[in-house]
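*Asks:* To be precise about what I am sending: the file is called structure06.txt and holds compact mmCIF, C-alpha atoms and all ligand atoms.
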# COMPACT_ATOMS: atom_id res chain seq x y z
CA MET D 1 -93.48 8.44 57.17
CA SER D 2 -90.33 8.71 55.07
CA LEU D 3 -90.17 11.10 52.13
CA ASN D 4 -87.07 9.33 50.91
CA GLN D 5 -88.32 7.27 47.99
CA GLY D 6 -87.05 7.86 44.45
CA ARG D 7 -83.48 7.81 43.19
CA GLN D 8 -80.67 7.95 45.76
CA THR D 9 -77.89 10.40 44.84
CA LEU D 10 -74.24 9.64 45.46
CA SER D 11 -72.32 12.87 46.16
CA ILE D 12 -69.04 11.26 47.19
CA PRO D 13 -65.61 11.65 45.58
CA GLY D 14 -65.70 8.37 43.73
CA PRO D 15 -67.20 6.32 42.47
CA SER D 16 -68.87 9.23 40.73
CA ILE D 17 -72.33 9.16 39.19
CA MET D 18 -72.31 6.94 36.11
CA PRO D 19 -74.09 8.20 32.99
CA ASP D 20 -76.95 5.91 31.95
CA ARG D 21 -75.35 5.82 28.51
CA VAL D 22 -72.21 4.27 29.98
CA LEU D 23 -74.25 1.68 31.84
CA ARG D 24 -76.29 0.89 28.73
CA ALA D 25 -73.15 0.47 26.66
CA MET D 26 -72.10 -2.25 29.11
CA HIS D 27 -75.44 -4.00 28.99
CA ARG D 28 -74.81 -6.36 26.09
CA ALA D 29 -73.81 -9.88 25.20
CA ALA D 30 -70.15 -10.83 25.62
CA PRO D 31 -68.15 -9.98 22.49
CA ASN D 32 -65.61 -12.02 20.55
CA ILE D 33 -62.29 -11.47 22.34
CA TYR D 34 -60.08 -12.66 19.46
CA GLU D 35 -61.02 -10.34 16.61
CA GLY D 36 -63.35 -7.64 15.45
CA GLU D 37 -65.04 -4.79 17.26
CA LEU D 38 -63.40 -5.20 20.69
CA ILE D 39 -59.90 -5.02 19.24
CA ASP D 40 -60.72 -1.81 17.37
CA LEU D 41 -62.46 -0.36 20.41
CA THR D 42 -59.41 -1.05 22.58
CA ALA D 43 -57.12 0.76 20.14
CA ARG D 44 -59.47 3.74 20.12
CA ILE D 45 -59.65 3.80 23.94
CA LEU D 46 -55.84 3.79 24.30
CA THR D 47 -55.58 6.74 21.93
CA ASP D 48 -58.39 8.61 23.65
CA LEU D 49 -56.98 8.05 27.13
CA LYS D 50 -53.74 9.66 25.99
CA ARG D 51 -55.74 12.61 24.65
CA VAL D 52 -57.38 13.03 28.07
CA ALA D 53 -53.97 12.85 29.79
CA ARG D 54 -52.40 15.15 27.19
CA THR D 55 -49.49 12.87 26.45
CA ASP D 56 -47.71 11.30 23.49
CA GLY D 57 -46.33 8.65 25.86
CA THR D 58 -47.85 5.23 26.42
CA VAL D 59 -50.70 3.94 28.54
CA ALA D 60 -51.10 0.59 30.27
CA VAL D 61 -54.63 -0.39 31.32
CA TYR D 62 -55.18 -2.89 34.13
CA ILE D 63 -58.17 -4.69 35.59
CA CYS D 64 -57.87 -3.07 39.03
CA ASN D 65 -58.75 0.01 41.06
CA GLY D 66 -56.53 2.97 41.89
CA HIS D 67 -54.51 0.97 44.39
CA GLY D 68 -53.57 -1.42 41.61
CA ALA D 69 -52.41 1.47 39.44
CA TRP D 70 -50.24 2.67 42.34
CA GLU D 71 -48.61 -0.74 42.58
CA ALA D 72 -48.16 -0.96 38.82
CA SER D 73 -46.33 2.38 38.74
CA LEU D 74 -43.97 1.35 41.55
CA SER D 75 -43.22 -2.12 40.33
CA ASN D 76 -42.10 -0.80 36.93
CA THR D 77 -39.83 1.95 38.24
CA LEU D 78 -38.18 0.82 41.49
CA ASN D 79 -35.65 -1.75 42.55
CA ARG D 80 -35.59 -2.88 46.17
CA GLY D 81 -33.80 -0.31 48.31
CA ASP D 82 -34.30 2.57 45.85
CA LYS D 83 -34.83 5.94 47.45
CA VAL D 84 -38.14 7.72 46.94
CA LEU D 85 -39.23 11.22 47.99
CA ALA D 86 -42.96 11.33 48.75
CA LEU D 87 -44.93 14.55 49.18
CA SER D 88 -47.99 14.24 51.44
CA THR D 89 -50.84 16.74 51.46
CA GLY D 90 -53.63 14.80 53.15
CA ARG D 91 -54.14 11.08 52.97
CA PHE D 92 -53.53 9.70 49.53
CA THR D 93 -49.77 9.96 49.07
CA LYS D 94 -49.55 8.03 52.35
CA GLY D 95 -51.30 5.05 50.81
CA TRP D 96 -48.84 5.10 47.92
CA ILE D 97 -45.97 5.36 50.45
CA ASP D 98 -47.17 2.27 52.35
CA MET D 99 -47.18 0.36 49.11
CA ALA D 100 -43.69 1.57 48.10
CA ARG D 101 -42.30 0.57 51.51
CA ALA D 102 -43.90 -2.86 51.27
CA LEU D 103 -42.13 -3.30 47.93
CA GLY D 104 -38.79 -2.50 49.58
CA ALA D 105 -38.35 1.19 48.68
CA ASP D 106 -36.58 3.54 51.07
CA VAL D 107 -39.14 6.33 51.32
CA GLN D 108 -38.51 9.81 52.68
CA GLU D 109 -41.79 11.60 53.35
CA LEU D 110 -42.28 15.37 53.34
CA ASP D 111 -45.64 16.01 54.96
CA PHE D 112 -47.18 19.41 54.28
CA GLY D 113 -50.15 18.76 56.57
CA PRO D 114 -53.87 18.35 55.89
CA ARG D 115 -54.67 21.94 54.92
CA ALA D 116 -51.81 23.03 52.66
CA PRO D 117 -50.28 22.22 49.26
CA ILE D 118 -46.76 21.03 48.43
CA ASP D 119 -44.04 23.63 49.08
CA PRO D 120 -41.69 23.33 46.08
CA ASP D 121 -38.78 24.96 47.93
CA GLN D 122 -38.71 22.07 50.41
CA VAL D 123 -38.82 19.60 47.50
CA GLU D 124 -35.86 21.31 45.85
CA ALA D 125 -33.87 21.27 49.11
CA ALA D 126 -34.61 17.58 49.76
CA LEU D 127 -33.53 16.65 46.24
CA LYS D 128 -30.34 18.71 46.42
CA ALA D 129 -29.50 16.91 49.66
CA ASP D 130 -29.83 13.47 48.07
CA PRO D 131 -28.85 12.90 44.44
CA SER D 132 -29.68 9.19 44.72
CA ILE D 133 -33.48 9.67 44.93
CA LYS D 134 -35.10 7.76 42.05
CA ALA D 135 -38.64 9.08 42.11
CA VAL D 136 -40.82 11.84 43.52
CA LEU D 137 -44.38 10.75 44.37
CA CYS D 138 -47.26 13.18 44.81
CA VAL D 139 -50.97 13.58 44.21
CA HIS D 140 -52.50 16.17 41.92
CA THR D 141 -55.72 16.37 43.97
CA ASP D 142 -55.68 14.86 47.44
CA THR D 143 -59.20 13.55 47.82
CA ALA D 144 -59.06 13.66 51.63
CA SER D 145 -57.97 17.28 52.08
CA SER D 146 -59.27 18.46 48.67
CA VAL D 147 -56.09 20.41 48.08
CA ARG D 148 -54.97 20.64 44.45
CA ASN D 149 -51.22 20.66 44.07
CA ASP D 150 -49.43 22.79 41.48
CA ILE D 151 -47.68 20.03 39.53
CA PRO D 152 -45.61 22.35 37.26
CA SER D 153 -44.08 23.86 40.42
CA VAL D 154 -42.96 20.39 41.54
CA ARG D 155 -41.37 19.81 38.12
CA ALA D 156 -39.67 23.23 38.41
CA ALA D 157 -38.26 22.20 41.82
CA ILE D 158 -36.85 18.96 40.37
CA ASP D 159 -35.28 20.88 37.48
CA ALA D 160 -33.91 23.58 39.78
CA ALA D 161 -32.21 20.84 41.81
CA LYS D 162 -30.79 19.48 38.48
CA HIS D 163 -32.10 16.10 39.61
CA ASP D 164 -33.09 13.18 37.40
CA ALA D 165 -35.71 11.60 39.72
CA LEU D 166 -38.89 10.59 37.94
CA LEU D 167 -41.94 12.75 38.68
CA MET D 168 -44.85 10.38 39.42
CA VAL D 169 -48.29 11.88 39.92
CA ASP D 170 -51.57 10.37 41.17
CA CYS D 171 -54.42 11.88 39.12
CA ILE D 172 -57.04 9.41 40.30
CA ALA D 173 -59.33 12.18 41.59
CA SER D 174 -58.38 14.88 39.14
CA LEU D 175 -58.23 13.39 35.66
CA ALA D 176 -61.05 14.71 33.47
CA CYS D 177 -62.02 17.15 36.26
CA ASP D 178 -59.05 19.49 36.70
CA ARG D 179 -56.76 20.65 33.92
CA PHE D 180 -53.87 18.24 33.64
CA GLU D 181 -51.18 18.32 30.93
CA MET D 182 -48.83 15.37 31.36
CA ASP D 183 -46.24 16.24 28.69
CA ALA D 184 -46.32 20.02 29.02
CA TRP D 185 -45.96 19.74 32.79
CA GLY D 186 -43.04 17.30 32.60
CA VAL D 187 -44.74 14.41 34.39
CA ASP D 188 -42.97 11.07 33.83
CA VAL D 189 -45.59 8.69 35.25
CA MET D 190 -49.27 9.37 35.90
CA VAL D 191 -51.69 6.94 37.53
CA THR D 192 -55.46 7.03 37.46
CA GLY D 193 -58.62 4.95 37.70
CA CYS D 194 -61.82 4.88 35.69
CA GLN D 195 -64.42 5.53 38.40
CA LYS D 196 -64.04 9.24 39.05
CA GLY D 197 -63.71 11.79 36.25
CA LEU D 198 -63.83 9.00 33.68
CA MET D 199 -67.39 8.11 34.77
CA THR D 200 -67.06 4.31 34.46
CA PRO D 201 -67.83 1.77 37.20
CA PRO D 202 -64.76 0.90 39.34
CA GLY D 203 -62.56 -1.78 37.79
CA LEU D 204 -59.96 -0.21 35.48
CA GLY D 205 -56.68 1.37 36.59
CA MET D 206 -54.22 3.04 34.23
CA THR D 207 -50.65 4.19 34.22
CA PHE D 208 -49.25 6.62 31.65
CA GLN D 209 -45.51 6.75 31.15
CA ASN D 210 -43.06 8.68 29.00
CA ASP D 211 -39.76 7.54 27.48
CA ARG D 212 -37.76 8.41 30.62
CA ALA D 213 -40.04 6.19 32.67
CA LEU D 214 -39.75 3.37 30.12
CA ALA D 215 -35.97 3.68 30.22
CA ARG D 216 -36.19 3.28 33.99
CA ARG D 217 -38.40 0.23 33.54
CA ARG D 218 -35.60 -1.43 31.60
CA GLU D 219 -33.25 -0.93 34.57
CA VAL D 220 -35.64 -2.62 36.99
CA GLU D 221 -34.57 -6.15 37.77
CA HIS D 222 -37.80 -7.73 38.99
CA THR D 223 -41.22 -6.62 37.83
CA SER D 224 -44.28 -8.70 38.52
CA VAL D 225 -45.56 -10.27 35.33
CA TYR D 226 -49.03 -8.88 35.87
CA TRP D 227 -47.97 -5.25 36.37
CA ASP D 228 -45.23 -5.20 33.69
CA TRP D 229 -45.71 -2.28 31.29
CA LEU D 230 -43.78 -3.72 28.38
CA PRO D 231 -46.08 -6.47 27.04
CA ARG D 232 -49.11 -4.30 27.70
CA ILE D 233 -47.89 -1.35 25.67
CA GLU D 234 -46.29 -3.40 22.88
CA PRO D 235 -48.33 -6.61 22.79
CA GLU D 236 -47.54 -9.24 20.19
CA ILE D 237 -51.07 -10.49 20.52
CA TYR D 238 -54.18 -8.70 21.82
CA TYR D 239 -54.32 -10.95 24.91
CA GLN D 240 -51.17 -9.27 26.29
CA HIS D 241 -52.81 -5.84 26.56
CA PHE D 242 -54.51 -7.09 29.72
CA CYS D 243 -52.23 -9.99 30.67
CA GLY D 244 -55.22 -12.25 30.13
CA THR D 245 -58.88 -11.83 29.32
CA ALA D 246 -59.84 -8.27 28.43
CA PRO D 247 -62.27 -6.35 30.69
CA THR D 248 -64.80 -6.58 27.88
CA HIS D 249 -67.77 -4.72 29.34
CA HIS D 250 -65.72 -2.08 31.10
CA LEU D 251 -64.17 -1.29 27.72
CA TYR D 252 -67.61 -0.67 26.22
CA GLY D 253 -68.48 1.57 29.15
CA LEU D 254 -65.22 3.50 29.08
CA GLY D 255 -65.44 3.89 25.31
CA GLU D 256 -68.83 5.56 25.70
CA ALA D 257 -67.56 7.82 28.50
CA LEU D 258 -64.58 8.91 26.37
CA THR D 259 -66.91 9.73 23.47
CA MET D 260 -68.93 11.94 25.80
CA LEU D 261 -65.85 13.67 27.24
CA LEU D 262 -63.77 14.12 24.10
CA GLU D 263 -66.11 14.15 21.10
CA GLU D 264 -69.26 15.66 22.54
CA GLU D 265 -68.39 17.97 25.44
CA GLY D 266 -64.67 18.53 24.76
CA ILE D 267 -62.06 18.21 27.50
CA GLU D 268 -61.56 21.98 27.87
CA ASN D 269 -65.30 22.31 28.49
CA VAL D 270 -65.21 19.40 30.93
CA TRP D 271 -62.57 21.24 32.96
CA ALA D 272 -64.48 24.54 32.76
CA ARG D 273 -67.71 22.85 33.88
CA HIS D 274 -65.98 21.33 36.91
CA ASP D 275 -64.49 24.73 37.78
CA ARG D 276 -67.89 26.37 37.70
CA LEU D 277 -69.65 23.60 39.63
CA ALA D 278 -66.90 23.67 42.27
CA SER D 279 -67.21 27.42 42.70
CA SER D 280 -70.91 26.89 43.34
CA VAL D 281 -70.14 24.45 46.19
CA TRP D 282 -67.60 26.88 47.66
CA ALA D 283 -70.07 29.77 47.48
CA ALA D 284 -72.60 27.74 49.48
CA VAL D 285 -70.09 26.58 52.11
CA GLU D 286 -68.53 30.02 52.48
CA THR D 287 -71.96 31.58 52.92
CA TRP D 288 -73.04 28.99 55.50
CA GLY D 289 -69.81 29.55 57.40
CA ASP D 290 -70.04 33.34 57.35
CA LYS D 291 -70.95 35.37 60.46
CA GLY D 292 -70.17 32.65 62.99
CA GLY D 293 -71.55 29.70 61.02
CA ALA D 294 -69.98 26.34 61.86
CA LEU D 295 -68.89 25.24 58.37
CA ALA D 296 -65.67 26.00 56.55
CA CYS D 297 -63.78 24.65 53.55
CA ASN D 298 -60.73 22.67 54.70
CA ILE D 299 -58.58 24.52 52.19
CA ALA D 300 -58.88 28.24 52.86
CA GLU D 301 -57.60 29.61 49.57
CA ARG D 302 -59.82 29.08 46.54
CA GLY D 303 -56.90 28.82 44.14
CA LEU D 304 -55.58 25.78 46.01
CA ARG D 305 -58.84 23.82 45.97
CA SER D 306 -59.72 20.85 43.80
CA SER D 307 -62.59 21.26 41.39
CA ALA D 308 -63.60 17.60 41.87
CA VAL D 309 -64.14 17.35 45.64
CA THR D 310 -64.60 19.73 48.57
CA THR D 311 -63.65 18.82 52.15
CA ILE D 312 -65.81 20.64 54.67
CA ARG D 313 -65.12 21.14 58.38
CA THR D 314 -68.07 21.20 60.79
CA GLY D 315 -66.34 22.57 63.90
CA THR D 316 -67.76 21.10 67.10
CA HIS D 317 -70.76 19.55 65.33
CA PRO D 318 -70.62 15.85 64.43
CA ALA D 319 -70.33 15.46 60.68
CA SER D 320 -71.55 11.86 60.91
CA ALA D 321 -74.95 13.01 62.23
CA LEU D 322 -75.32 15.41 59.32
CA ARG D 323 -74.37 12.73 56.80
CA ALA D 324 -76.75 10.23 58.39
CA TYR D 325 -79.67 12.67 58.32
CA VAL D 326 -79.05 13.76 54.73
CA GLU D 327 -78.73 10.16 53.57
CA LYS D 328 -81.66 8.60 55.45
CA GLU D 329 -84.18 11.43 55.26
CA LEU D 330 -83.23 13.22 52.07
CA GLY D 331 -81.67 10.60 49.79
CA VAL D 332 -78.18 12.04 49.33
CA THR D 333 -75.01 10.18 50.32
CA LEU D 334 -72.19 12.55 51.30
CA GLY D 335 -68.51 11.62 51.54
CA VAL D 336 -66.98 10.64 54.88
CA GLY D 337 -64.04 12.50 56.40
CA LEU D 338 -60.84 10.56 55.67
CA GLY D 339 -57.89 10.38 58.04
CA LEU D 340 -56.71 13.98 58.27
CA HIS D 341 -55.70 13.62 61.93
CA GLY D 342 -52.03 13.28 62.84
CA PRO D 343 -50.45 9.87 63.53
CA HIS D 344 -50.78 10.32 67.31
CA GLU D 345 -54.18 12.02 67.35
CA GLN D 346 -57.63 10.53 67.77
CA PRO D 347 -59.81 10.55 64.66
CA THR D 348 -62.30 13.42 64.83
CA ASP D 349 -65.89 13.62 63.59
CA ASP D 350 -65.74 17.10 62.11
CA ILE D 351 -65.34 16.51 58.38
CA PHE D 352 -67.52 15.55 55.45
CA ARG D 353 -66.88 15.79 51.75
CA ILE D 354 -68.93 16.60 48.70
CA GLY D 355 -67.82 14.94 45.48
CA HIS D 356 -68.56 17.05 42.40
CA MET D 357 -66.81 15.04 39.74
CA GLY D 358 -67.92 13.37 36.57
CA HIS D 359 -71.45 13.23 35.23
CA LEU D 360 -72.89 16.25 37.01
CA ASN D 361 -75.14 19.17 36.18
CA PRO D 362 -76.47 22.14 38.18
CA HIS D 363 -79.74 20.35 38.95
CA MET D 364 -77.92 17.47 40.62
CA LEU D 365 -75.45 19.68 42.47
CA LEU D 366 -78.01 22.23 43.70
CA GLY D 367 -80.10 19.31 44.93
CA THR D 368 -77.19 18.04 47.01
CA LEU D 369 -76.41 21.49 48.39
CA ALA D 370 -80.05 22.15 49.26
CA CYS D 371 -80.17 18.85 51.14
CA VAL D 372 -77.03 19.78 53.10
CA GLU D 373 -78.68 23.08 54.00
CA ALA D 374 -81.84 21.27 55.07
CA GLY D 375 -79.69 19.00 57.24
CA LEU D 376 -77.99 22.01 58.87
CA LYS D 377 -81.43 23.40 59.71
CA ALA D 378 -82.85 20.12 60.99
CA LEU D 379 -79.85 19.45 63.22
CA GLN D 380 -79.59 23.09 64.30
CA ILE D 381 -75.99 23.42 63.15
CA PRO D 382 -75.28 27.15 63.15
CA HIS D 383 -75.13 28.53 59.63
CA ASN D 384 -75.74 31.74 57.82
CA SER D 385 -78.70 31.67 55.41
CA GLY D 386 -78.36 32.27 51.68
CA GLY D 387 -76.07 29.38 50.79
CA ILE D 388 -78.25 28.12 47.97
CA GLU D 389 -78.73 31.59 46.50
CA ALA D 390 -74.95 32.01 46.53
CA ALA D 391 -74.49 28.59 44.91
CA HIS D 392 -76.95 29.52 42.21
CA ALA D 393 -75.37 32.92 41.64
CA ALA D 394 -72.00 31.20 41.05
CA LEU D 395 -73.56 29.14 38.25
CA VAL D 396 -75.11 31.92 36.17
C1 LIG M 1 -59.83 7.33 44.91
C2 LIG M 1 -58.39 7.64 45.03
C3 LIG M 1 -57.43 6.63 45.21
C4 LIG M 1 -57.77 5.19 45.43
O1 LIG M 1 -58.45 4.65 44.37
P1 LIG M 1 -59.13 3.19 44.55
O2 LIG M 1 -59.79 2.98 43.24
O3 LIG M 1 -60.10 3.33 45.68
O4 LIG M 1 -58.06 2.23 44.84
C5 LIG M 1 -56.10 7.00 45.22
N1 LIG M 1 -55.71 8.29 45.08
C6 LIG M 1 -56.61 9.28 44.94
C7 LIG M 1 -56.13 10.68 44.78
C8 LIG M 1 -57.97 8.99 44.92
O5 LIG M 1 -58.86 9.98 44.79
Spit out the file's structure as structure tokens when you get a sec.
Ligand SMILES: *Cc1c(COP(=O)(O)O)cnc(C)c1O

*Replies:*
Amino acid sequence: MSLNQGRQTLSIPGPSIMPDRVLRAMHRAAPNIYEGELIDLTARILTDLKRVARTDGTVAVYICNGHGAWEASLSNTLNRGDKVLALSTGRFTKGWIDMARALGADVQELDFGPRAPIDPDQVEAALKADPSIKAVLCVHTDTASSVRNDIPSVRAAIDAAKHDALLMVDCIASLACDRFEMDAWGVDVMVTGCQKGLMTPPGLGMTFQNDRALARRREVEHTSVYWDWLPRIEPEIYYQHFCGTAPTHHLYGLGEALTMLLEEEGIENVWARHDRLASSVWAAVETWGDKGGALACNIAERGLRSSAVTTIRTGTHPASALRAYVEKELGVTLGVGLGLHGPHEQPTDDIFRIGHMGHLNPHMLLGTLACVEAGLKALQIPHNSGGIEAAHAALV
């Protein structure tokens, strides 16, 4: 007999759980794409996205996922052979690096390892050593390690080096989860996608850019027509916003999600809710791992952890067995461990992740945590009891 009927829960770091309201907003007949409601909705969405990103700059929206937004950011800011400094803290900057190299950039990587944040002193030294670097790439939250980098400290390092490289930040996992202030933090380019904190099915990628970044765009000799910022941010006709047919139904969904985030909950409350929910996950994991328990958060220091995703180490116990049990028997899909081994090391099976981003309340999160605890018991993975009580205590 299987008890696992009912609604399956996705507790992975993206796509996040979509609000029914967002899905319902998409469930409609195709709109007129030449005039009327869709045109007004698009204008509202562009304004609201900038409110979420805390910028007076511009936003370009693409029909793509996060990888597309990465490519868009690079193809508007780099000429072939340009030097780039990339700051790795897990897995995700590495994906951006591969893309930059494929486009002909000369990338210098500083790798801070899978359990630590960016060290701004090393960034400052690398920039002082090479005045020709055009851009610094980094992630706000690395979704593999679940470290959250201190972006203002990276800006301070660039300024201390009196360097004019663009600061380009991947907020795909963090936007509308962790506090992010594009203008106040001196970020020149920010990339994101719609399927994590923005609670919309995968399919829209965005780049945000300030005037410095736009000035750089004008120095770039070859930009692909599809990724080009300029027609998208200053279209002569609506069609140019998306370099073709608009993502009609995604726009209805995203519009609804932005109403929920900005008009109903308020972005400051969204950030505070994610903080509180994250501290509940950490309380559970730290309790389980206490007194010789097998589990531990990948990032030791609470202040360095993302509030959208937690990477959990399982020691000598296979994380895949735990994920399989929790998914098949209990109805919760947990995140897989993602490439935190070194380039010459074998992949290990000692990591899983809990996504706690987007449309989430205590009922959903406590359900996930209780299922993880049940999995630890069933598979006899050593753990200290009291994780759920600790998770609950962190919420009240
Ligand atoms: C999810 C994610 C990506 C990749 O996004 P896709 O939509 O899967 O292409 C890139 N960077 C970070 C930090 C992410 O969390």

*Asks:* What residues have any atom no more than 8 Å from ligand LIG 1 (chain M) when counting all atoms listed in the file, and can you list them as a PyMOL selection string?

*Replies:* chain D and resi 13-15+64-70+92-93+95-96+139-144+170-174+192-193+195-196+202-203+205

*Asks:* Go ahead and find all residues with at least one atom no further than 10 Å from (-66.1, 32.5, 46.4) in the file's coordinates, using all atoms listed in the file; report them as an NGL selection string.

*Replies:* :D and (278-287 or 301-302 or 390-391 or 394)

*Asks:* Taking C-alpha atoms for each residue, export the selection above as a PDB file, in the frame of the given file.

*Replies:*
ATOM      1  CA  ALA D 278     -66.900  23.670  42.270  1.00  0.00           C
ATOM      2  CA  SER D 279     -67.210  27.420  42.700  1.00  0.00           C
ATOM      3  CA  SER D 280     -70.910  26.890  43.340  1.00  0.00           C
ATOM      4  CA  VAL D 281     -70.140  24.450  46.190  1.00  0.00           C
ATOM      5  CA  TRP D 282     -67.600  26.880  47.660  1.00  0.00           C
ATOM      6  CA  ALA D 283     -70.070  29.770  47.480  1.00  0.00           C
ATOM      7  CA  ALA D 284     -72.600  27.740  49.480  1.00  0.00           C
ATOM      8  CA  VAL D 285     -70.090  26.580  52.110  1.00  0.00           C
ATOM      9  CA  GLU D 286     -68.530  30.020  52.480  1.00  0.00           C
ATOM     10  CA  THR D 287     -71.960  31.580  52.920  1.00  0.00           C
ATOM     11  CA  GLU D 301     -57.600  29.610  49.570  1.00  0.00           C
ATOM     12  CA  ARG D 302     -59.820  29.080  46.540  1.00  0.00           C
ATOM     13  CA  ALA D 390     -74.950  32.010  46.530  1.00  0.00           C
ATOM     14  CA  ALA D 391     -74.490  28.590  44.910  1.00  0.00           C
ATOM     15  CA  ALA D 394     -72.000  31.200  41.050  1.00  0.00           C
TER      16      ALA D 394
END

*Asks:* Near Val59 (chain D), counting only C-alpha atoms, which residues have an atom at most 8 Å away, once you skip same-chain residues fewer than 5 positions from it, shown as a VMD selection string?

*Replies:* chain D and resid 46 49 to 50 206 to 209 233

*Asks:* For the selection you just gave me, I'd like the residues written to a file as a PDB file, keeping the file's coordinate frame, keeping C-alpha atoms.

*Replies:*
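Just written: part_20.pdb:
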ATOM      1  CA  LEU D  46     -55.840   3.790  24.300  1.00  0.00           C
ATOM      2  CA  LEU D  49     -56.980   8.050  27.130  1.00  0.00           C
ATOM      3  CA  LYS D  50     -53.740   9.660  25.990  1.00  0.00           C
ATOM      4  CA  MET D 206     -54.220   3.040  34.230  1.00  0.00           C
ATOM      5  CA  THR D 207     -50.650   4.190  34.220  1.00  0.00           C
ATOM      6  CA  PHE D 208     -49.250   6.620  31.650  1.00  0.00           C
ATOM      7  CA  GLN D 209     -45.510   6.750  31.150  1.00  0.00           C
ATOM      8  CA  ILE D 233     -47.890  -1.350  25.670  1.00  0.00           C
TER       9      ILE D 233
END

*Asks:* Name the closest residue to Glu234 (chain D) among the candidates D:Ala60, D:Val22, D:Ala246, D:Val136; distances are taken between atoms, counting all atoms listed in the file.

*Replies:* D:Ala60

*Asks:* D:Thr316, D:Lys83, D:Gly358, D:Val154: which is nearest Pro19 (chain D), counting only C-alpha atoms?

*Replies:*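 Checking each candidate against Pro19 (chain D), we get D:Gly358 as the closest.
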
*Asks:* Using 8 Å of padding on each side, determine the axis-aligned box around all atoms of region 138-141 of chain D present in the file and give its centre and edge lengths in Å to one decimal, as JSON.

*Replies:*
{"center_x": -51.5, "center_y": 14.8, "center_z": 43.4, "size_x": 24.5, "size_y": 19.2, "size_z": 18.9}

*Asks:* Can you list, as a ChimeraX atom specification, every protein, DNA or RNA residue that comes within 10 Å of region 359-364 of chain D when you count all atoms listed in the file, leaving out same-chain residues fewer than 2 positions away?

*Replies:* /D:9-11,16-20,196-200,257,260-261,270,273-274,276-277,280,355-357,366-369,391-392,395

*Asks:* Keeping only C-alpha atoms, write those residues as an mmCIF file, in the coordinates of the input.

*Replies:*
data_model
loop_
_atom_site.group_PDB
_atom_site.id
_atom_site.type_symbol
_atom_site.label_atom_id
_atom_site.label_comp_id
_atom_site.auth_asym_id
_atom_site.auth_seq_id
_atom_site.Cartn_x
_atom_site.Cartn_y
_atom_site.Cartn_z
ATOM 1 C CA THR D 9 -77.890 10.400 44.840
ATOM 2 C CA LEU D 10 -74.240 9.640 45.460
ATOM 3 C CA SER D 11 -72.320 12.870 46.160
ATOM 4 C CA SER D 16 -68.870 9.230 40.730
ATOM 5 C CA ILE D 17 -72.330 9.160 39.190
ATOM 6 C CA MET D 18 -72.310 6.940 36.110
ATOM 7 C CA PRO D 19 -74.090 8.200 32.990
ATOM 8 C CA ASP D 20 -76.950 5.910 31.950
ATOM 9 C CA LYS D 196 -64.040 9.240 39.050
ATOM 10 C CA GLY D 197 -63.710 11.790 36.250
ATOM 11 C CA LEU D 198 -63.830 9.000 33.680
ATOM 12 C CA MET D 199 -67.390 8.110 34.770
ATOM 13 C CA THR D 200 -67.060 4.310 34.460
ATOM 14 C CA ALA D 257 -67.560 7.820 28.500
ATOM 15 C CA MET D 260 -68.930 11.940 25.800
ATOM 16 C CA LEU D 261 -65.850 13.670 27.240
ATOM 17 C CA VAL D 270 -65.210 19.400 30.930
ATOM 18 C CA ARG D 273 -67.710 22.850 33.880
ATOM 19 C CA HIS D 274 -65.980 21.330 36.910
ATOM 20 C CA ARG D 276 -67.890 26.370 37.700
ATOM 21 C CA LEU D 277 -69.650 23.600 39.630
ATOM 22 C CA SER D 280 -70.910 26.890 43.340
ATOM 23 C CA GLY D 355 -67.820 14.940 45.480
ATOM 24 C CA HIS D 356 -68.560 17.050 42.400
ATOM 25 C CA MET D 357 -66.810 15.040 39.740
ATOM 26 C CA LEU D 366 -78.010 22.230 43.700
ATOM 27 C CA GLY D 367 -80.100 19.310 44.930
ATOM 28 C CA THR D 368 -77.190 18.040 47.010
ATOM 29 C CA LEU D 369 -76.410 21.490 48.390
ATOM 30 C CA ALA D 391 -74.490 28.590 44.910
ATOM 31 C CA HIS D 392 -76.950 29.520 42.210
ATOM 32 C CA LEU D 395 -73.560 29.140 38.250
#

*Asks:* Tell me which of D:Asp150, D:Glu35, D:Glu71, D:Glu265 sits closest to Ala102 (chain D), counting all atoms listed in the file.

*Replies:*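 The answer is D:Glu71, which sits nearest to Ala102 (chain D).
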
*Asks:* Between CA of Leu304 (chain D) and CA of Arg179 (chain D), what is the spacing in Å?

*Replies:* 13.2 Å

*Asks:* Here is a test: counting only C-alpha atoms, which residue of D:Asp130, D:Glu221, D:Glu329, D:Glu389 is nearest to Leu78 (chain D)?

*Replies:*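 Once distances to Leu78 (chain D) are computed over only C-alpha atoms, the minimum belongs to D:Glu221.
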
*Asks:* Smallest atom-to-atom distance to Gly6 (chain D): which of D:Ala374, D:Gly331, D:Asn79, D:Ser146, using all atoms listed in the file?

*Replies:*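 Comparing D:Ala374, D:Gly331, D:Asn79, D:Ser146 against Gly6 (chain D), the winner is D:Gly331.
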
*Asks:* Go ahead and find all residues with at least one atom no further than 12 Å from (-26.4, 6.5, 46.2) in the file's coordinates, using only C-alpha atoms; report them as an NGL selection string.

*Replies:* :D and (81-84 or 106 or 129-134)

*Asks:* Output C-alpha atoms for every residue in that selection, as a short mmCIF file (atom, residue, chain, number, x, y, z; two decimals), keeping the file's coordinate frame.

*Replies:*
data_model
loop_
_atom_site.label_atom_id
_atom_site.label_comp_id
_atom_site.auth_asym_id
_atom_site.auth_seq_id
_atom_site.Cartn_x
_atom_site.Cartn_y
_atom_site.Cartn_z
CA GLY D 81 -33.80 -0.31 48.31
CA ASP D 82 -34.30 2.57 45.85
CA LYS D 83 -34.83 5.94 47.45
CA VAL D 84 -38.14 7.72 46.94
CA ASP D 106 -36.58 3.54 51.07
CA ALA D 129 -29.50 16.91 49.66
CA ASP D 130 -29.83 13.47 48.07
CA PRO D 131 -28.85 12.90 44.44
CA SER D 132 -29.68 9.19 44.72
CA ILE D 133 -33.48 9.67 44.93
CA LYS D 134 -35.10 7.76 42.05
#
